[in-house]
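Data first, discussion second: the structure below is written as structure tokens.
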Amino acid sequence: MAGARWAYFKADEVRTRGHTAYYLRAARRLEFHRCSACGILTHWIGHNGASLNIGVNAVIFDPSAIAHIPIVEEP
């Protein structure tokens with residue numbers, strides 16, 4: 001798996017654009033998307049019952065837009 005800094009959102013809080021290729025993981029409950037042009041891992045979509053959760057790779061954000069957000073590292 002590629003390294004990422006995940007930012008977590010509800011599905012209605014995220015809008016994506018451009019073409020991605022994806023693969024399914026974890027009994028088809030997670031879609032991992034990569035940019036079709038450059039191959040970077042952009043986001044995942046978790047199908048968890050009736051709700052959708054999305055993790056966006058914060059590495060692709062403009063650094064000035066997220067400079068104020070603390071980074072929490074899990075042990």
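We label chains A, B, ... in the order they appear in the structure tokens, count residues from 1 in each chain, and number ligands from 1 in the order shown.
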Could you pull out all residues of region 5-67 of chain A with a DSSP call of strand (DSSP E) and give them as a VMD selection string? chain A and resid 6 to 10 20 to 25 30 to 35 41 to 48 51 to 57
Using only C-alpha atoms, please write the residues we just selected to a file, as a PDB file, in the first residue's frame.
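Final file, part.pdb:
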ATOM      1  CA  TRP A   6      -5.684  10.475   5.227  1.00  0.00           C
ATOM      2  CA  ALA A   7      -8.274  13.178   5.778  1.00  0.00           C
ATOM      3  CA  TYR A   8     -11.674  11.665   6.575  1.00  0.00           C
ATOM      4  CA  PHE A   9     -15.005  12.971   5.313  1.00  0.00           C
ATOM      5  CA  LYS A  10     -18.620  12.016   4.809  1.00  0.00           C
ATOM      6  CA  THR A  20      -9.544   7.504 -11.682  1.00  0.00           C
ATOM      7  CA  ALA A  21      -8.888   3.807 -11.798  1.00  0.00           C
ATOM      8  CA  TYR A  22      -9.853   1.846  -8.709  1.00  0.00           C
ATOM      9  CA  TYR A  23      -9.645  -1.557  -7.138  1.00  0.00           C
ATOM     10  CA  LEU A  24     -11.862  -3.166  -4.522  1.00  0.00           C
ATOM     11  CA  ARG A  25     -10.513  -4.404  -1.211  1.00  0.00           C
ATOM     12  CA  LEU A  30     -13.371  -0.337   0.089  1.00  0.00           C
ATOM     13  CA  GLU A  31     -12.615   1.268  -3.273  1.00  0.00           C
ATOM     14  CA  PHE A  32      -9.083   2.654  -3.590  1.00  0.00           C
ATOM     15  CA  HIS A  33      -8.818   5.261  -6.358  1.00  0.00           C
ATOM     16  CA  ARG A  34      -5.715   6.360  -8.260  1.00  0.00           C
ATOM     17  CA  CYS A  35      -5.350   9.201 -10.731  1.00  0.00           C
ATOM     18  CA  LEU A  41      -3.465   7.323  -4.705  1.00  0.00           C
ATOM     19  CA  THR A  42      -6.153  10.014  -4.400  1.00  0.00           C
ATOM     20  CA  HIS A  43      -8.887   8.648  -2.168  1.00  0.00           C
ATOM     21  CA  TRP A  44     -10.799   5.667  -0.909  1.00  0.00           C
ATOM     22  CA  ILE A  45     -14.533   5.156  -0.593  1.00  0.00           C
ATOM     23  CA  GLY A  46     -15.845   2.925   2.166  1.00  0.00           C
ATOM     24  CA  HIS A  47     -19.194   1.258   1.589  1.00  0.00           C
ATOM     25  CA  ASN A  48     -20.433   0.752   5.132  1.00  0.00           C
ATOM     26  CA  SER A  51     -23.523   5.440   4.547  1.00  0.00           C
ATOM     27  CA  LEU A  52     -20.442   6.217   2.510  1.00  0.00           C
ATOM     28  CA  ASN A  53     -17.221   7.408   4.078  1.00  0.00           C
ATOM     29  CA  ILE A  54     -14.300   8.833   2.118  1.00  0.00           C
ATOM     30  CA  GLY A  55     -10.629   9.156   2.940  1.00  0.00           C
ATOM     31  CA  VAL A  56      -8.776  11.714   0.826  1.00  0.00           C
ATOM     32  CA  ASN A  57      -4.998  11.629   0.529  1.00  0.00           C
TER      33      ASN A  57
END
Return the single residue from A:Asp62, A:Glu73, A:Ala27, A:Ala67 that is closest to Arg5 (chain A), with distances computed using only C-alpha atoms. A:Glu73
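CA of Ile71 (chain A) is found 22.9 Å from CA of Thr16 (chain A).
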Got a sec to tell me which of chain A DSSP assigns to alpha helix (DSSP H), as a short mmCIF file (atom, residue, chain, number, x, y, z; two decimals) with all heavy atoms, in the first residue's frame?
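out-v3.cif, freshly written:
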data_model
loop_
_atom_site.label_atom_id
_atom_site.label_comp_id
_atom_site.auth_asym_id
_atom_site.auth_seq_id
_atom_site.Cartn_x
_atom_site.Cartn_y
_atom_site.Cartn_z
N PRO A 63 -0.59 22.77 0.24
CA PRO A 63 -0.07 22.85 1.61
C PRO A 63 -0.59 24.05 2.41
O PRO A 63 -0.82 23.95 3.61
CB PRO A 63 1.44 22.93 1.43
CG PRO A 63 1.68 22.28 0.10
CD PRO A 63 0.48 22.64 -0.74
N SER A 64 -0.79 25.18 1.76
CA SER A 64 -1.26 26.36 2.49
C SER A 64 -2.71 26.19 2.96
O SER A 64 -3.12 26.82 3.94
CB SER A 64 -1.13 27.62 1.63
OG SER A 64 -1.98 27.54 0.50
N ALA A 65 -3.46 25.36 2.30
CA ALA A 65 -4.86 25.15 2.67
C ALA A 65 -5.01 24.28 3.92
O ALA A 65 -6.04 24.33 4.58
CB ALA A 65 -5.63 24.52 1.51
N ILE A 66 -3.99 23.50 4.23
CA ILE A 66 -4.11 22.59 5.37
C ILE A 66 -3.04 22.80 6.44
O ILE A 66 -2.94 22.02 7.37
CB ILE A 66 -4.07 21.12 4.90
CG1 ILE A 66 -2.75 20.80 4.18
CG2 ILE A 66 -5.26 20.80 4.01
CD1 ILE A 66 -2.55 19.35 3.85
#
Straight-line distance linking CA of Glu13 (chain A) with CA of Ala37 (chain A), stated in Å to one decimal: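 Straight-line distance from CA of Glu13 (chain A) to CA of Ala37 (chain A) works out to 24.2 Å.
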What is the distance between CA of Val72 (chain A) and CA of Arg29 (chain A), in Å to one decimal?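 Result for CA of Val72 (chain A) versus CA of Arg29 (chain A): 24.8 Å, one decimal.
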